[in-house]
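Working notes, structure below.
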Amino acid sequence: MTRLTDLMPGVPPIETPYFEQLLPELGLSPDEAVIARTLHERGYATIDFPDPDIDIRIDRIKANLGPRFGIDMADPTSIKTLGSHRIQDAWQFDEDVRAIATNSAIIDLLSRLYARPAFPFQTLNFPVGTQQHLHSDSIHFSSQPERFMCGVWLAMEDIHPDAGPLAYCPGSHRWPIISNTMLGQPRYGQHSQNTQGPYEAVWAAMVRASGTASDTFIARKGQALIWMANLLHGGSPQHDPTLTRWSQVTHYYFKDCTYYTPAFSEEPLGRLDLRRIVNIATGEVEPNRLFGEELPAPTPPVRKRRWPFLNRKQADQAADLPADFDPEIYLHLHQDVAANGEDAAKHYLLHGRVEGRRYR
Ligand SMILES: O=C(O)CCC(=O)C(=O)O
Ligand SMILES: [Fe+2]
């Protein structure tokens, strides 16, 4: 008999309408089945991060990344919200960030929940709350087939309710994935600073219409929350600016998909803003695949046009500039770069990012 899991390999088992019936096929322990059911029904699940060394890792990460944020962590009365608020892909220079992202128990669990091998592709480290608008990651990094993406948010300290805890809207993973087609806005190739701005009013309207109250994750240090591709989440307002809210988010994709940014795509016209995804566990690029066929690698022209100072190889390897990157602030923060008369964006793309330099 055909396994239910094989009926639609292009839908994650935990997102299928016949989830309960296929659950026994996933090879989960009773505890894992509870996680699967919670994900299916609510779009998120909390776990204790499965790493006996997690406390030591957290201490080392804070010691390594702390000074890069330009925040006075030692003084409990200092304002923590003024400095830089995130470091993307610190796994490139911090072994503990990388170890958390590549935790084998997490990868193994996700791989069984999604019936495809999972791999981490991006890390974000935050010392304070993000106060980000409720959003779905689906517009930033999605896949074809869709929904093969999830986030794992790790609390790196006990989270205070006034520190702007992670917020999320239970059940919203089942709401429509909003696309440019729905919004009637062509946006292919138009990378803008405000990627998710055009979608925020729609998400807010859906939340109001559903009557769903968002919840916050008042986590203990070492607890983690898994969110599914389309779950609305964000950072709640930080009421006490002297508090920190240390966390690490790792985003995972699954093998044999096409990885792209829907915010800058027009899917029905075949215009996908393909991503060049590096698997953190192997350091290798994961090819974009669909129906077993490999799609051509994303062409650098968009990047080359945006950054004419990069040669082809550099443009291929460069990540995106952070949406809130401001060249003036960057040069102000890094007098050595300014003194050499270097271009701020070029320096950041080629060196600053990997060195974990602040940019705001
Ligand atoms: O930590 C937060 O406040 C939200 C982070 C987030 O939205 C993300 O990493 O996708
Ligand atoms: Fe997000």
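Ligands are numbered from 1 in the order shown, residues from 1 within each chain, and chains are lettered A, B, ... in the order they appear in the structure tokens.
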
Site check for ligand 1: residues at most 9 Å away, only C-alpha atoms and all ligand atoms, as a ChimeraX atom specification: /A:123-126,128-137,140,151-153,164-167,232-236,245,247-251

Counting only C-alpha atoms, what is within 8 Å of A:Glu328, bar same-chain residues fewer than 3 positions away, as number ranges by chain? A: 331-332, 344

Please provide as a PyMOL selection string all residues within 12 Å of A:Tyr359, with the sequence filter that same-chain residues fewer than 4 positions apart are discarded (counting only C-alpha atoms). chain A and resi 68-70+83-88+321-334+344-345+347-349+352-353+355

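A straight line drawn from atom CA of A:Pro52 to atom CA of A:Ala229 is 27.8 Å long.
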
Could you give me, as a ChimeraX atom specification, each residue of stretch 164-221 of chain A that DSSP assigns to helix (DSSP H, G or I) when run on this structure's backbone? /A:172-174,180-183,197-210

Save out the residues we just selected, C-alpha atoms, as a PDB file, in the first residue's frame.
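Dumped to out-v8.pdb:
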ATOM      1  CA  SER A 172      -1.418  31.358  11.564  1.00  0.00           C
ATOM      2  CA  HIS A 173       0.803  28.851   9.710  1.00  0.00           C
ATOM      3  CA  ARG A 174      -2.417  27.665   8.033  1.00  0.00           C
ATOM      4  CA  ASN A 180       3.219  39.561  -4.845  1.00  0.00           C
ATOM      5  CA  THR A 181       0.521  38.111  -7.113  1.00  0.00           C
ATOM      6  CA  MET A 182      -2.021  38.536  -4.325  1.00  0.00           C
ATOM      7  CA  LEU A 183      -0.843  42.055  -3.616  1.00  0.00           C
ATOM      8  CA  GLY A 197       6.778  46.528   4.442  1.00  0.00           C
ATOM      9  CA  PRO A 198       4.157  45.921   1.713  1.00  0.00           C
ATOM     10  CA  TYR A 199       2.893  42.784   3.470  1.00  0.00           C
ATOM     11  CA  GLU A 200       2.567  44.087   7.014  1.00  0.00           C
ATOM     12  CA  ALA A 201      -0.913  45.613   6.642  1.00  0.00           C
ATOM     13  CA  VAL A 202      -2.230  42.314   5.226  1.00  0.00           C
ATOM     14  CA  TRP A 203      -0.824  40.263   8.082  1.00  0.00           C
ATOM     15  CA  ALA A 204      -2.207  42.726  10.631  1.00  0.00           C
ATOM     16  CA  ALA A 205      -5.656  42.585   8.960  1.00  0.00           C
ATOM     17  CA  MET A 206      -5.632  38.776   9.034  1.00  0.00           C
ATOM     18  CA  VAL A 207      -4.707  38.768  12.727  1.00  0.00           C
ATOM     19  CA  ARG A 208      -7.528  41.204  13.538  1.00  0.00           C
ATOM     20  CA  ALA A 209     -10.057  39.261  11.471  1.00  0.00           C
ATOM     21  CA  SER A 210      -9.144  35.950  13.089  1.00  0.00           C
TER      22      SER A 210
END

Report the residues of stretch 23-262 of chain A whose backbone DSSP state falls under strand (DSSP E or B), written as number ranges by chain. A: 44-48, 87-88, 118-126, 135, 142-144, 149-155, 163, 166-168, 215-216, 223-228, 233-235, 238, 247-254, 258-260

Got time to write the residues from that selection, N, CA and C atoms, as a short mmCIF file (atom, residue, chain, number, x, y, z; two decimals), in the first residue's frame?
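The resulting file, result.cif, is shown below:
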data_model
loop_
_atom_site.label_atom_id
_atom_site.label_comp_id
_atom_site.auth_asym_id
_atom_site.auth_seq_id
_atom_site.Cartn_x
_atom_site.Cartn_y
_atom_site.Cartn_z
N TYR A 44 3.92 25.94 15.88
CA TYR A 44 5.17 26.07 16.62
C TYR A 44 5.19 25.00 17.70
N ALA A 45 6.37 24.73 18.25
CA ALA A 45 6.48 23.82 19.38
C ALA A 45 7.71 24.21 20.18
N THR A 46 7.66 24.03 21.48
CA THR A 46 8.83 24.36 22.30
C THR A 46 9.53 23.08 22.75
N ILE A 47 10.84 23.18 22.88
CA ILE A 47 11.64 22.03 23.30
C ILE A 47 12.78 22.52 24.20
N ASP A 48 13.36 21.60 24.94
CA ASP A 48 14.62 21.92 25.62
C ASP A 48 15.72 21.65 24.62
N ILE A 87 23.69 39.98 14.57
CA ILE A 87 24.79 39.57 13.71
C ILE A 87 24.29 38.39 12.89
N GLN A 88 24.36 38.55 11.59
CA GLN A 88 23.92 37.46 10.71
C GLN A 88 25.11 36.57 10.38
N ALA A 118 17.05 17.80 6.58
CA ALA A 118 17.09 19.23 6.93
C ALA A 118 18.53 19.69 6.97
N PHE A 119 18.75 20.98 6.68
CA PHE A 119 20.09 21.55 6.87
C PHE A 119 19.97 23.03 7.24
N PRO A 120 20.86 23.50 8.12
CA PRO A 120 20.81 24.91 8.52
C PRO A 120 21.46 25.77 7.45
N PHE A 121 20.89 26.96 7.21
CA PHE A 121 21.49 27.82 6.18
C PHE A 121 21.71 29.25 6.63
N GLN A 122 21.21 29.64 7.79
CA GLN A 122 21.42 31.02 8.24
C GLN A 122 21.32 31.08 9.76
N THR A 123 22.23 31.85 10.37
CA THR A 123 22.08 32.10 11.81
C THR A 123 21.94 33.60 12.04
N LEU A 124 21.18 33.94 13.09
CA LEU A 124 21.05 35.33 13.53
C LEU A 124 21.26 35.33 15.04
N ASN A 125 22.11 36.21 15.52
CA ASN A 125 22.30 36.34 16.96
C ASN A 125 21.87 37.73 17.41
N PHE A 126 21.03 37.74 18.42
CA PHE A 126 20.49 39.01 18.93
C PHE A 126 20.83 39.16 20.42
N HIS A 135 5.39 38.83 11.24
CA HIS A 135 5.63 38.55 9.83
C HIS A 135 5.74 37.05 9.60
N SER A 142 11.72 31.27 0.97
CA SER A 142 10.75 30.22 0.76
C SER A 142 11.38 29.16 -0.13
N SER A 143 10.56 28.19 -0.49
CA SER A 143 11.05 27.07 -1.30
C SER A 143 9.95 26.68 -2.27
N GLN A 144 10.33 25.98 -3.29
CA GLN A 144 9.40 25.21 -4.13
C GLN A 144 9.88 23.79 -4.06
N MET A 149 10.73 24.99 5.10
CA MET A 149 11.62 25.91 5.81
C MET A 149 11.10 25.99 7.24
N CYS A 150 12.00 26.07 8.19
CA CYS A 150 11.54 26.36 9.54
C CYS A 150 12.63 27.06 10.32
N GLY A 151 12.23 27.69 11.41
CA GLY A 151 13.18 28.42 12.26
C GLY A 151 13.25 27.76 13.63
N VAL A 152 14.43 27.80 14.23
CA VAL A 152 14.58 27.35 15.62
C VAL A 152 15.16 28.52 16.41
N TRP A 153 14.40 29.00 17.37
CA TRP A 153 14.75 30.19 18.16
C TRP A 153 15.17 29.71 19.54
N LEU A 154 16.40 30.00 19.91
CA LEU A 154 16.95 29.53 21.18
C LEU A 154 17.10 30.68 22.18
N ALA A 155 16.55 30.52 23.38
CA ALA A 155 16.72 31.53 24.45
C ALA A 155 18.10 31.34 25.06
N ALA A 163 11.38 42.39 28.23
CA ALA A 163 12.56 42.46 27.35
C ALA A 163 12.18 42.29 25.88
N LEU A 166 9.92 37.02 22.10
CA LEU A 166 9.43 36.56 20.81
C LEU A 166 7.90 36.43 20.89
N ALA A 167 7.21 36.93 19.86
CA ALA A 167 5.75 36.82 19.82
C ALA A 167 5.36 35.99 18.60
N TYR A 168 4.22 35.35 18.67
CA TYR A 168 3.78 34.54 17.53
C TYR A 168 2.27 34.40 17.60
N ASP A 215 0.78 35.31 21.21
CA ASP A 215 1.35 34.80 22.45
C ASP A 215 2.81 35.19 22.52
N THR A 216 3.40 35.19 23.70
CA THR A 216 4.84 35.44 23.78
C THR A 216 5.53 34.23 24.39
N GLN A 223 15.79 26.92 26.46
CA GLN A 223 14.57 26.45 25.77
C GLN A 223 14.58 26.97 24.34
N ALA A 224 13.92 26.25 23.46
CA ALA A 224 13.88 26.68 22.06
C ALA A 224 12.47 26.53 21.52
N LEU A 225 12.18 27.30 20.49
CA LEU A 225 10.87 27.24 19.84
C LEU A 225 11.09 27.01 18.35
N ILE A 226 10.42 26.01 17.83
CA ILE A 226 10.48 25.72 16.40
C ILE A 226 9.27 26.40 15.76
N TRP A 227 9.49 27.21 14.71
CA TRP A 227 8.31 27.74 14.01
C TRP A 227 8.30 27.25 12.58
N MET A 228 7.08 27.06 12.07
CA MET A 228 6.91 26.57 10.71
C MET A 228 6.92 27.73 9.72
N HIS A 233 5.25 35.64 13.27
CA HIS A 233 6.03 35.83 14.49
C HIS A 233 6.74 37.17 14.41
N GLY A 234 7.25 37.62 15.54
CA GLY A 234 7.98 38.89 15.55
C GLY A 234 8.51 39.14 16.95
N GLY A 235 8.97 40.36 17.17
CA GLY A 235 9.47 40.71 18.50
C GLY A 235 8.47 41.65 19.16
N GLN A 238 9.69 46.19 23.54
CA GLN A 238 10.57 46.10 24.69
C GLN A 238 10.20 47.22 25.68
N SER A 247 19.47 35.79 22.15
CA SER A 247 18.86 34.64 21.46
C SER A 247 19.64 34.31 20.19
N GLN A 248 19.46 33.11 19.74
CA GLN A 248 19.99 32.72 18.42
C GLN A 248 18.87 32.09 17.62
N VAL A 249 18.72 32.54 16.39
CA VAL A 249 17.77 31.91 15.47
C VAL A 249 18.59 31.18 14.41
N THR A 250 18.22 29.94 14.16
CA THR A 250 18.79 29.21 13.03
C THR A 250 17.66 28.88 12.07
N HIS A 251 17.85 29.23 10.81
CA HIS A 251 16.85 28.89 9.81
C HIS A 251 17.30 27.63 9.06
N TYR A 252 16.35 26.73 8.84
CA TYR A 252 16.63 25.46 8.17
C TYR A 252 15.84 25.35 6.88
N TYR A 253 16.49 24.81 5.88
CA TYR A 253 15.82 24.39 4.66
C TYR A 253 15.90 22.86 4.58
N PHE A 254 15.31 22.29 3.55
CA PHE A 254 15.29 20.84 3.35
C PHE A 254 15.79 20.55 1.95
N THR A 258 13.84 24.12 -4.38
CA THR A 258 14.34 25.36 -4.96
C THR A 258 14.18 26.43 -3.90
N TYR A 259 15.24 27.21 -3.69
CA TYR A 259 15.26 28.18 -2.59
C TYR A 259 15.23 29.58 -3.19
N TYR A 260 14.28 30.39 -2.75
CA TYR A 260 14.17 31.71 -3.37
C TYR A 260 13.49 32.71 -2.44
#

For A:Thr102, work out the shell of residues within 9 Å, counting only C-alpha atoms and skipping chain neighbours fewer than 4 positions away, then give it as a list in words.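 The residues that qualify are Val97, Arg98, Ile106, Ile107, Phe119, Pro120, Ile280 and Ala281 of chain A.
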
Distance atom CA of A:Lys80-atom CA of A:Ile159, one decimal place?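 Computing it gives 14.5 Å between the two atoms.
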
Pick out the residues sitting within 10 Å of A:Leu26, and hand them over as a PyMOL selection string; count only C-alpha atoms, and ignore anything fewer than 5 positions along from it in its own chain. chain A and resi 5+13-14+32-33+36+111-115

Quick one, how far is atom CA of A:Glu146 from atom CA of A:Asn103? 24.1 Å

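By only C-alpha atoms, and with residues fewer than 2 positions from stretch 94-96 of chain A along its chain excluded, the set lying at most 9 Å from it is Ile54, Arg57, Ile58, Arg60, Ile61, Asn64, Leu65, Ala90, Trp91, Gln92, Arg98, Ala99, Ile100 and Ala101 of chain A.
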